[in-house]
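> Supplied in structure tokens, the structure appears directly below.
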Amino acid sequence: MTVPLTMMNRREALATLGSAGLGLLAMRVSSVYADEVKQNAVSTALAKFNDKSRQRLLRILKEPGFGGYVPSAEVKALLDDEEKSIDALMIELLPLAKTYSHPPISNYYVGAVARGTSGNLYLGANIEFPGHSLGFSVHGEQSALSNAYMHSDGGVSSIAVTAAPCGHCRQFMNELSPDGDIQVLVEGKPAVKLSSLLPSAFGPKDLGVTDLAFPVREVDLILPKGQSDTLVLAALGAARKSYAPYTKAHSGVAIVTQTGHRYKGAYIENAAYNPSLPPLQTALVALIIAGESYSAISEVALVEMEGAPISQKSVAEAVLSAIASAVKLRVVNATMKA
Ligand SMILES: [Zn+2]
């Protein structure tokens, strides 16, 4: 190994994990992730899996462009190899999800795994931004659910979480499952439906919204003529996919990193207005679950609607100042096609 371990990024660390013994790596991994994931090393996180499953998961995590989820065919193979129920598998993946957690304020690590109706399993983890309002933070459940949303899954049937979902997350989940059908799984507790965790919920139907978050739809936003920048076009793609039935203020963010990878985030609104998930936060979820770090961010673009009642610009700039202060946010206004 010629690269200093502290300089290795997560992907390189995973490559090392795949080719060496786990015992040796427990030490290496802890030094690689000392700043961000502390004791939640990948080797420890996968310890409960058998060798075949562990190798399968490491291969998926190492794939270039890993999208932050375990595809349904791989989920089926894991279920066969582990001889477990889907609920048990989701619980078993939580320590892995937790390794993506970035909680520099609370130091409270949360992992979540959401099951799409496609059968894919989406990872999620909590994110906090030092120096700013706690209202900017993303909870683990929001992270896993936004991951499923950004992949345009047909819906979410269940979610496993390392601790009972807080009230904020119950409200966020209710937007994506207004009938309360999502099964909530917490280790050591019986599976429960969201409707029993959030009875008499206030949701989209109370505000007359019938076009729900799932299935994901696209709105017909357009940019000013002559806009051909690829990052801005990616942000437009995210904005088109955003869910903003209350304010109609569609918005999206695209991030490009030094590795050349691009991450998109759509705004996901809530009937209670807060918690709504800003588009930069959604894009940052994609970035961290792909195994990249904030220091790799090179450019960020926000597309939002001209003359809308709300704007994501100030929040996005504030969050960026906390994690990538040298990066200047580019903002382009879009309009709805007449
Ligand atoms: Zn929460």
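Quick note on naming: the chains in the structure tokens go A, B, ... in the order shown, residues restart at 1 in each chain, and ligands are numbered from 1 in order of appearance.
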Using only C-alpha atoms and all ligand atoms, which residues of the polymer chains come no farther than 12 Å from ligand 1? I'd like the answer as a VMD selection string.
chain A and resid 108 to 112 124 to 127 135 137 to 145 161 to 173 275
> Keeping only N, CA, C and O atoms, write the selected residues as a tab-separated table (two decimals), in the first residue's frame.

```tsv
chain	number	residue	atom	x	y	z
A	108	TYR	N	-24.85	11.52	16.95
A	108	TYR	CA	-25.84	10.43	17.04
A	108	TYR	C	-26.00	9.85	15.63
A	108	TYR	O	-26.55	10.49	14.73
A	109	TYR	N	-25.51	8.64	15.47
A	109	TYR	CA	-25.47	8.01	14.14
A	109	TYR	C	-26.76	7.26	13.87
A	109	TYR	O	-27.16	6.41	14.65
A	110	VAL	N	-27.38	7.58	12.73
A	110	VAL	CA	-28.62	6.91	12.34
A	110	VAL	C	-28.45	6.29	10.96
A	110	VAL	O	-27.95	6.94	10.04
A	111	GLY	N	-28.89	5.04	10.82
A	111	GLY	CA	-28.93	4.39	9.51
A	111	GLY	C	-30.36	4.02	9.20
A	111	GLY	O	-31.15	3.75	10.12
A	112	ALA	N	-30.71	4.04	7.91
A	112	ALA	CA	-32.05	3.64	7.50
A	112	ALA	C	-31.95	2.90	6.18
A	112	ALA	O	-31.05	3.15	5.37
A	124	GLY	N	-29.78	5.00	3.66
A	124	GLY	CA	-29.89	6.40	4.09
A	124	GLY	C	-29.22	6.58	5.43
A	124	GLY	O	-29.05	5.62	6.20
A	125	ALA	N	-28.81	7.82	5.71
A	125	ALA	CA	-28.16	8.13	6.98
A	125	ALA	C	-28.37	9.60	7.30
A	125	ALA	O	-28.62	10.40	6.40
A	126	ASN	N	-28.25	9.96	8.56
A	126	ASN	CA	-28.49	11.37	8.94
A	126	ASN	C	-27.28	12.25	8.62
A	126	ASN	O	-26.13	11.81	8.61
A	127	ILE	N	-27.58	13.53	8.34
A	127	ILE	CA	-26.54	14.51	8.00
A	127	ILE	C	-26.81	15.79	8.78
A	127	ILE	O	-27.95	16.27	8.81
A	135	GLY	N	-32.41	23.01	11.79
A	135	GLY	CA	-33.45	22.80	10.77
A	135	GLY	C	-32.88	22.40	9.42
A	135	GLY	O	-33.60	21.92	8.57
A	137	SER	N	-30.68	20.04	9.04
A	137	SER	CA	-30.21	18.66	9.07
A	137	SER	C	-31.18	17.72	8.37
A	137	SER	O	-32.34	18.03	8.16
A	138	VAL	N	-30.64	16.58	7.98
A	138	VAL	CA	-31.44	15.56	7.27
A	138	VAL	C	-31.46	14.33	8.16
A	138	VAL	O	-30.40	13.86	8.60
A	139	HIS	N	-32.63	13.80	8.43
A	139	HIS	CA	-32.72	12.60	9.25
A	139	HIS	C	-32.52	11.35	8.37
A	139	HIS	O	-32.72	11.40	7.16
A	140	GLY	N	-32.15	10.27	9.02
A	140	GLY	CA	-31.85	9.04	8.30
A	140	GLY	C	-33.00	8.55	7.42
A	140	GLY	O	-32.81	8.13	6.28
A	141	GLU	N	-34.22	8.67	7.95
A	141	GLU	CA	-35.39	8.21	7.19
A	141	GLU	C	-35.61	9.08	5.96
A	141	GLU	O	-35.91	8.59	4.87
A	142	GLN	N	-35.42	10.41	6.12
A	142	GLN	CA	-35.56	11.31	4.98
A	142	GLN	C	-34.53	10.96	3.91
A	142	GLN	O	-34.81	11.03	2.71
A	143	SER	N	-33.35	10.62	4.38
A	143	SER	CA	-32.26	10.28	3.48
A	143	SER	C	-32.60	9.04	2.64
A	143	SER	O	-32.51	9.06	1.40
A	144	ALA	N	-33.03	7.96	3.30
A	144	ALA	CA	-33.36	6.72	2.56
A	144	ALA	C	-34.56	6.93	1.64
A	144	ALA	O	-34.58	6.44	0.50
A	145	LEU	N	-35.55	7.70	2.11
A	145	LEU	CA	-36.75	7.91	1.30
A	145	LEU	C	-36.44	8.81	0.10
A	145	LEU	O	-36.94	8.59	-1.01
A	161	VAL	N	-35.06	1.28	10.48
A	161	VAL	CA	-34.32	2.40	11.08
A	161	VAL	C	-33.63	1.91	12.35
A	161	VAL	O	-34.12	1.01	13.04
A	162	THR	N	-32.49	2.54	12.66
A	162	THR	CA	-31.73	2.11	13.84
A	162	THR	C	-32.40	2.51	15.15
A	162	THR	O	-32.05	1.99	16.21
A	163	ALA	N	-33.30	3.48	15.11
A	163	ALA	CA	-34.06	3.86	16.31
A	163	ALA	C	-35.47	4.25	15.86
A	163	ALA	O	-35.68	4.51	14.67
A	164	ALA	N	-36.39	4.31	16.78
A	164	ALA	CA	-37.78	4.65	16.43
A	164	ALA	C	-37.82	5.99	15.70
A	164	ALA	O	-37.12	6.93	16.09
A	165	PRO	N	-38.58	6.10	14.61
A	165	PRO	CA	-38.65	7.37	13.86
A	165	PRO	C	-39.21	8.49	14.75
A	165	PRO	O	-40.18	8.28	15.48
A	166	CYS	N	-38.59	9.66	14.65
A	166	CYS	CA	-39.08	10.81	15.41
A	166	CYS	C	-40.35	11.35	14.77
A	166	CYS	O	-40.72	10.96	13.65
A	167	GLY	N	-41.00	12.28	15.41
A	167	GLY	CA	-42.25	12.84	14.89
A	167	GLY	C	-42.07	13.52	13.54
A	167	GLY	O	-42.91	13.40	12.64
A	168	HIS	N	-40.95	14.22	13.39
A	168	HIS	CA	-40.59	14.89	12.14
A	168	HIS	C	-40.57	13.89	10.98
A	168	HIS	O	-41.13	14.12	9.91
A	169	CYS	N	-39.94	12.75	11.21
A	169	CYS	CA	-39.84	11.74	10.15
A	169	CYS	C	-41.18	11.05	9.90
A	169	CYS	O	-41.48	10.68	8.76
A	170	ARG	N	-41.97	10.88	10.93
A	170	ARG	CA	-43.31	10.29	10.72
A	170	ARG	C	-44.10	11.20	9.78
A	170	ARG	O	-44.82	10.73	8.89
A	171	GLN	N	-43.99	12.50	9.99
A	171	GLN	CA	-44.69	13.46	9.13
A	171	GLN	C	-44.12	13.41	7.71
A	171	GLN	O	-44.86	13.46	6.72
A	172	PHE	N	-42.80	13.31	7.59
A	172	PHE	CA	-42.17	13.25	6.26
A	172	PHE	C	-42.62	11.99	5.53
A	172	PHE	O	-42.95	12.01	4.35
A	173	MET	N	-42.65	10.87	6.25
A	173	MET	CA	-43.05	9.58	5.66
A	173	MET	C	-44.51	9.62	5.22
A	173	MET	O	-44.88	9.04	4.20
A	275	PRO	N	-41.68	19.46	7.97
A	275	PRO	CA	-40.46	19.19	7.22
A	275	PRO	C	-40.64	19.05	5.70
A	275	PRO	O	-41.34	18.15	5.25
```
> Quote the spacing between atom CA of A:Ser133 and atom CA of A:Leu236 in Å to one decimal place.
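Atom CA of A:Leu236 lies at a distance of 27.2 Å from atom CA of A:Ser133.
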> Restricting the calculation to only C-alpha atoms: of A:Ser53, A:Thr247, A:Tyr100, A:Pro64, which residue gets closest to A:Glu83?
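Closest to A:Glu83 of all the choices is A:Ser53.
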> Using only C-alpha atoms, find the one residue out of A:Leu185, A:Val332, A:Pro178, A:Ile297 that sits nearest to A:Ser200.
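Smallest separation from A:Ser200 among the options: A:Pro178.
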> Please list as an MDAnalysis selection string every residue within 12 Å of A:Ser196, counting only C-alpha atoms and excluding residues in the same chain fewer than 5 positions away.
chainID A and resid 170 174 179:184 191 201
> Since we have the selection now, will you write its residues out, keeping N, CA and C atoms, as a compact mmCIF listing (two decimals), in the first residue's frame?

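Printed below is out_5.txt as written:
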```
# COMPACT_ATOMS: atom_id res chain seq x y z
N ARG A 170 -41.97 10.88 10.93
CA ARG A 170 -43.31 10.29 10.72
C ARG A 170 -44.10 11.20 9.78
N ASN A 174 -45.32 10.33 6.01
CA ASN A 174 -46.75 10.38 5.70
C ASN A 174 -47.02 11.01 4.34
N ASP A 179 -51.61 6.99 3.13
CA ASP A 179 -52.51 6.05 3.80
C ASP A 179 -51.83 5.36 4.97
N GLY A 180 -50.59 5.71 5.20
CA GLY A 180 -49.87 5.15 6.37
C GLY A 180 -49.49 3.70 6.19
N ASP A 181 -49.31 3.28 4.92
CA ASP A 181 -49.05 1.87 4.66
C ASP A 181 -47.60 1.43 4.88
N ILE A 182 -46.68 2.38 4.95
CA ILE A 182 -45.27 1.98 5.11
C ILE A 182 -45.11 1.19 6.41
N GLN A 183 -44.42 0.04 6.29
CA GLN A 183 -44.10 -0.76 7.48
C GLN A 183 -42.83 -0.20 8.09
N VAL A 184 -42.83 0.04 9.38
CA VAL A 184 -41.64 0.57 10.04
C VAL A 184 -41.00 -0.53 10.88
N ALA A 191 -42.89 -5.17 13.79
CA ALA A 191 -43.10 -4.26 12.65
C ALA A 191 -44.45 -3.56 12.84
N ALA A 201 -53.42 11.50 10.96
CA ALA A 201 -52.36 12.29 10.32
C ALA A 201 -52.92 13.43 9.47
```
> Ranking A:Phe49, A:Val42, A:Tyr246, A:Phe136 by minimum distance to A:Asp211 and counting only C-alpha atoms, which one comes first?
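For A:Asp211, the nearest of the given residues is A:Tyr246.
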> If you run DSSP on the backbone, which residues of stretch 2-223 of chain A are strand (DSSP E), as number ranges by chain?
A: 69-70, 111-116, 121-125, 156-161, 183-186, 192-193, 221-222
> For the residues in the current selection, export N, CA, C and O atoms as a tab-separated table (two decimals), in the first residue's frame.

```
chain	number	residue	atom	x	y	z
A	69	TYR	N	-27.95	2.16	-3.51
A	69	TYR	CA	-28.99	1.16	-3.24
A	69	TYR	C	-28.54	-0.23	-3.67
A	69	TYR	O	-27.61	-0.38	-4.48
A	70	VAL	N	-29.19	-1.24	-3.11
A	70	VAL	CA	-28.94	-2.62	-3.49
A	70	VAL	C	-30.05	-3.01	-4.46
A	70	VAL	O	-31.23	-3.02	-4.09
A	111	GLY	N	-28.89	5.04	10.82
A	111	GLY	CA	-28.93	4.39	9.51
A	111	GLY	C	-30.36	4.02	9.20
A	111	GLY	O	-31.15	3.75	10.12
A	112	ALA	N	-30.71	4.04	7.91
A	112	ALA	CA	-32.05	3.64	7.50
A	112	ALA	C	-31.95	2.90	6.18
A	112	ALA	O	-31.05	3.15	5.37
A	113	VAL	N	-32.87	1.97	5.98
A	113	VAL	CA	-32.94	1.21	4.72
A	113	VAL	C	-34.39	1.20	4.28
A	113	VAL	O	-35.26	0.72	5.02
A	114	ALA	N	-34.66	1.77	3.10
A	114	ALA	CA	-36.04	1.80	2.60
A	114	ALA	C	-36.20	0.78	1.48
A	114	ALA	O	-35.31	0.64	0.62
A	115	ARG	N	-37.31	0.08	1.48
A	115	ARG	CA	-37.58	-0.91	0.44
A	115	ARG	C	-38.56	-0.32	-0.57
A	115	ARG	O	-39.71	0.01	-0.23
A	116	GLY	N	-38.08	-0.19	-1.80
A	116	GLY	CA	-38.95	0.30	-2.85
A	116	GLY	C	-39.90	-0.79	-3.33
A	116	GLY	O	-39.63	-1.98	-3.13
A	121	LEU	N	-33.33	-1.95	-2.36
A	121	LEU	CA	-33.17	-1.46	-0.98
A	121	LEU	C	-32.29	-0.22	-1.00
A	121	LEU	O	-31.13	-0.26	-1.46
A	122	TYR	N	-32.83	0.90	-0.51
A	122	TYR	CA	-32.14	2.19	-0.55
A	122	TYR	C	-31.56	2.53	0.81
A	122	TYR	O	-32.27	2.50	1.82
A	123	LEU	N	-30.27	2.86	0.82
A	123	LEU	CA	-29.60	3.22	2.06
A	123	LEU	C	-29.82	4.69	2.38
A	123	LEU	O	-29.99	5.51	1.48
A	124	GLY	N	-29.78	5.00	3.66
A	124	GLY	CA	-29.89	6.40	4.09
A	124	GLY	C	-29.22	6.58	5.43
A	124	GLY	O	-29.05	5.62	6.20
A	125	ALA	N	-28.81	7.82	5.71
A	125	ALA	CA	-28.16	8.13	6.98
A	125	ALA	C	-28.37	9.60	7.30
A	125	ALA	O	-28.62	10.40	6.40
A	156	VAL	N	-42.61	3.26	-1.66
A	156	VAL	CA	-41.81	2.62	-0.61
A	156	VAL	C	-42.75	1.76	0.23
A	156	VAL	O	-43.80	2.24	0.69
A	157	SER	N	-42.43	0.48	0.40
A	157	SER	CA	-43.31	-0.39	1.14
A	157	SER	C	-42.90	-0.55	2.60
A	157	SER	O	-43.73	-0.80	3.46
A	158	SER	N	-41.59	-0.42	2.89
A	158	SER	CA	-41.17	-0.52	4.29
A	158	SER	C	-39.87	0.22	4.50
A	158	SER	O	-39.14	0.51	3.54
A	159	ILE	N	-39.61	0.52	5.76
A	159	ILE	CA	-38.35	1.21	6.09
A	159	ILE	C	-37.84	0.66	7.43
A	159	ILE	O	-38.61	0.51	8.37
A	160	ALA	N	-36.55	0.33	7.45
A	160	ALA	CA	-35.90	-0.10	8.69
A	160	ALA	C	-35.06	1.06	9.19
A	160	ALA	O	-34.43	1.77	8.40
A	161	VAL	N	-35.06	1.28	10.48
A	161	VAL	CA	-34.32	2.40	11.08
A	161	VAL	C	-33.63	1.91	12.35
A	161	VAL	O	-34.12	1.01	13.04
A	183	GLN	N	-44.42	0.04	6.29
A	183	GLN	CA	-44.10	-0.76	7.48
A	183	GLN	C	-42.83	-0.20	8.09
A	183	GLN	O	-41.84	-0.01	7.37
A	184	VAL	N	-42.83	0.04	9.38
A	184	VAL	CA	-41.64	0.57	10.04
A	184	VAL	C	-41.00	-0.53	10.88
A	184	VAL	O	-41.66	-1.16	11.70
A	185	LEU	N	-39.72	-0.76	10.60
A	185	LEU	CA	-39.00	-1.85	11.27
A	185	LEU	C	-37.89	-1.30	12.15
A	185	LEU	O	-37.03	-0.56	11.67
A	186	VAL	N	-37.93	-1.65	13.41
A	186	VAL	CA	-36.86	-1.28	14.35
A	186	VAL	C	-36.46	-2.56	15.05
A	186	VAL	O	-37.33	-3.33	15.50
A	192	VAL	N	-44.48	-2.26	12.56
A	192	VAL	CA	-45.74	-1.53	12.69
A	192	VAL	C	-45.97	-0.70	11.44
A	192	VAL	O	-45.02	-0.26	10.79
A	193	LYS	N	-47.23	-0.45	11.15
A	193	LYS	CA	-47.54	0.44	10.03
A	193	LYS	C	-47.41	1.89	10.49
A	193	LYS	O	-47.71	2.21	11.65
A	221	LEU	N	-40.74	22.18	-16.75
A	221	LEU	CA	-39.97	23.42	-16.53
A	221	LEU	C	-39.02	23.65	-17.68
A	221	LEU	O	-38.45	22.69	-18.22
A	222	ILE	N	-38.81	24.92	-18.02
A	222	ILE	CA	-37.83	25.23	-19.06
A	222	ILE	C	-36.90	26.35	-18.60
A	222	ILE	O	-37.26	27.17	-17.75
```
> Would you mind telling me which residue in A:Ile289, A:Ala73, A:Leu280, A:Leu94 lies nearest to A:Ala318 when using only C-alpha atoms?
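Among the listed residues, the smallest separation from A:Ala318 belongs to A:Leu280.
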> Quick one: residues within 12 Å of A:Thr230, only C-alpha atoms, excluding same-chain residues fewer than 5 positions away - as an MDAnalysis selection string?
chainID A and resid 235:237 254:256 262 299:301
> Got time to write the residues from that selection, N, CA and C atoms, as a PDB file, in the first residue's frame?

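Once written, result19.pdb looks like this:
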```
ATOM      1  N   ALA A 235     -29.368  20.119 -13.061  1.00  0.00           N
ATOM      2  CA  ALA A 235     -30.195  20.724 -12.001  1.00  0.00           C
ATOM      3  C   ALA A 235     -31.630  20.914 -12.491  1.00  0.00           C
ATOM      4  N   LEU A 236     -31.779  21.246 -13.766  1.00  0.00           N
ATOM      5  CA  LEU A 236     -33.128  21.357 -14.350  1.00  0.00           C
ATOM      6  C   LEU A 236     -33.840  19.997 -14.284  1.00  0.00           C
ATOM      7  N   GLY A 237     -33.096  18.934 -14.600  1.00  0.00           N
ATOM      8  CA  GLY A 237     -33.666  17.580 -14.530  1.00  0.00           C
ATOM      9  C   GLY A 237     -34.174  17.277 -13.129  1.00  0.00           C
ATOM     10  N   ALA A 254     -27.855  20.249  -8.745  1.00  0.00           N
ATOM     11  CA  ALA A 254     -26.894  19.261  -9.239  1.00  0.00           C
ATOM     12  C   ALA A 254     -25.514  19.630  -8.727  1.00  0.00           C
ATOM     13  N   ILE A 255     -24.792  18.604  -8.312  1.00  0.00           N
ATOM     14  CA  ILE A 255     -23.429  18.772  -7.783  1.00  0.00           C
ATOM     15  C   ILE A 255     -22.492  17.985  -8.683  1.00  0.00           C
ATOM     16  N   VAL A 256     -21.351  18.559  -9.012  1.00  0.00           N
ATOM     17  CA  VAL A 256     -20.326  17.758  -9.680  1.00  0.00           C
ATOM     18  C   VAL A 256     -19.103  17.743  -8.764  1.00  0.00           C
ATOM     19  N   ARG A 262     -21.701  13.214 -10.938  1.00  0.00           N
ATOM     20  CA  ARG A 262     -22.727  14.234 -10.781  1.00  0.00           C
ATOM     21  C   ARG A 262     -23.844  13.673  -9.897  1.00  0.00           C
ATOM     22  N   GLU A 299     -18.494  21.956  -8.133  1.00  0.00           N
ATOM     23  CA  GLU A 299     -19.467  22.945  -8.608  1.00  0.00           C
ATOM     24  C   GLU A 299     -20.870  22.531  -8.187  1.00  0.00           C
ATOM     25  N   VAL A 300     -21.715  23.536  -7.935  1.00  0.00           N
ATOM     26  CA  VAL A 300     -23.102  23.264  -7.552  1.00  0.00           C
ATOM     27  C   VAL A 300     -24.020  24.234  -8.299  1.00  0.00           C
ATOM     28  N   ALA A 301     -25.078  23.718  -8.877  1.00  0.00           N
ATOM     29  CA  ALA A 301     -26.057  24.568  -9.573  1.00  0.00           C
ATOM     30  C   ALA A 301     -27.444  24.335  -8.987  1.00  0.00           C
TER      31      ALA A 301
END
```
> Apply DSSP to the structure's backbone, then extract all residues of stretch 252-337 of chain A labelled helix (DSSP H, G or I) and return them as number ranges by chain.
A: 279-289, 294-296, 313-323
> Determine, counting only C-alpha atoms, which protein, DNA and RNA residues have an atom within 7 Å of an atom of A:Pro278; residues of the same chain fewer than 4 positions away are not included. Present the result as a list of chain:residue names.
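Near A:Pro278, the qualifying residues are A:Tyr267, A:Ile268, A:Thr282, A:Gln312.
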> Could you turn the residues from that selection into a file that holds all heavy atoms, as a short mmCIF file (atom, residue, chain, number, x, y, z; two decimals), in the first residue's frame?

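Output contents, as saved in out_36.cif:
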```cif
data_model
loop_
_atom_site.label_atom_id
_atom_site.label_comp_id
_atom_site.auth_asym_id
_atom_site.auth_seq_id
_atom_site.Cartn_x
_atom_site.Cartn_y
_atom_site.Cartn_z
N TYR A 267 -36.31 18.96 -4.76
CA TYR A 267 -37.03 19.47 -3.59
C TYR A 267 -38.20 18.53 -3.32
O TYR A 267 -38.93 18.16 -4.24
CB TYR A 267 -37.51 20.89 -3.91
CG TYR A 267 -38.41 21.52 -2.89
CD1 TYR A 267 -38.09 21.52 -1.54
CD2 TYR A 267 -39.59 22.16 -3.29
CE1 TYR A 267 -38.92 22.13 -0.61
CE2 TYR A 267 -40.42 22.77 -2.38
CZ TYR A 267 -40.08 22.75 -1.04
OH TYR A 267 -40.90 23.35 -0.12
N ILE A 268 -38.41 18.15 -2.04
CA ILE A 268 -39.53 17.27 -1.68
C ILE A 268 -40.33 17.96 -0.57
O ILE A 268 -39.87 18.07 0.57
CB ILE A 268 -39.03 15.87 -1.23
CG1 ILE A 268 -38.17 15.23 -2.33
CG2 ILE A 268 -40.22 14.96 -0.90
CD1 ILE A 268 -37.49 13.92 -1.93
N THR A 282 -31.09 16.89 -0.61
CA THR A 282 -31.36 15.65 -1.35
C THR A 282 -30.13 15.25 -2.17
O THR A 282 -29.75 14.07 -2.23
CB THR A 282 -32.58 15.83 -2.27
OG1 THR A 282 -33.66 16.39 -1.53
CG2 THR A 282 -33.02 14.50 -2.86
N GLN A 312 -34.80 28.54 -2.59
CA GLN A 312 -33.85 27.64 -1.92
C GLN A 312 -32.45 28.24 -1.88
O GLN A 312 -31.54 27.65 -1.32
CB GLN A 312 -33.79 26.30 -2.69
CG GLN A 312 -35.12 25.60 -2.83
CD GLN A 312 -35.72 25.17 -1.50
OE1 GLN A 312 -35.00 24.97 -0.52
NE2 GLN A 312 -37.04 25.01 -1.46
#
```
> Quick check, in Å to one decimal: how far apart do atom CA of A:Pro95 and atom CA of A:Leu46 lie?
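Spanning atom CA of A:Pro95 to atom CA of A:Leu46 is a straight-line distance of 7.4 Å.
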> Quick one: pull the distance between atom CA of A:His261 and atom CA of A:Ala290, Å, one decimal.
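Taking atom CA of A:His261 and atom CA of A:Ala290, their separation equals 9.6 Å.
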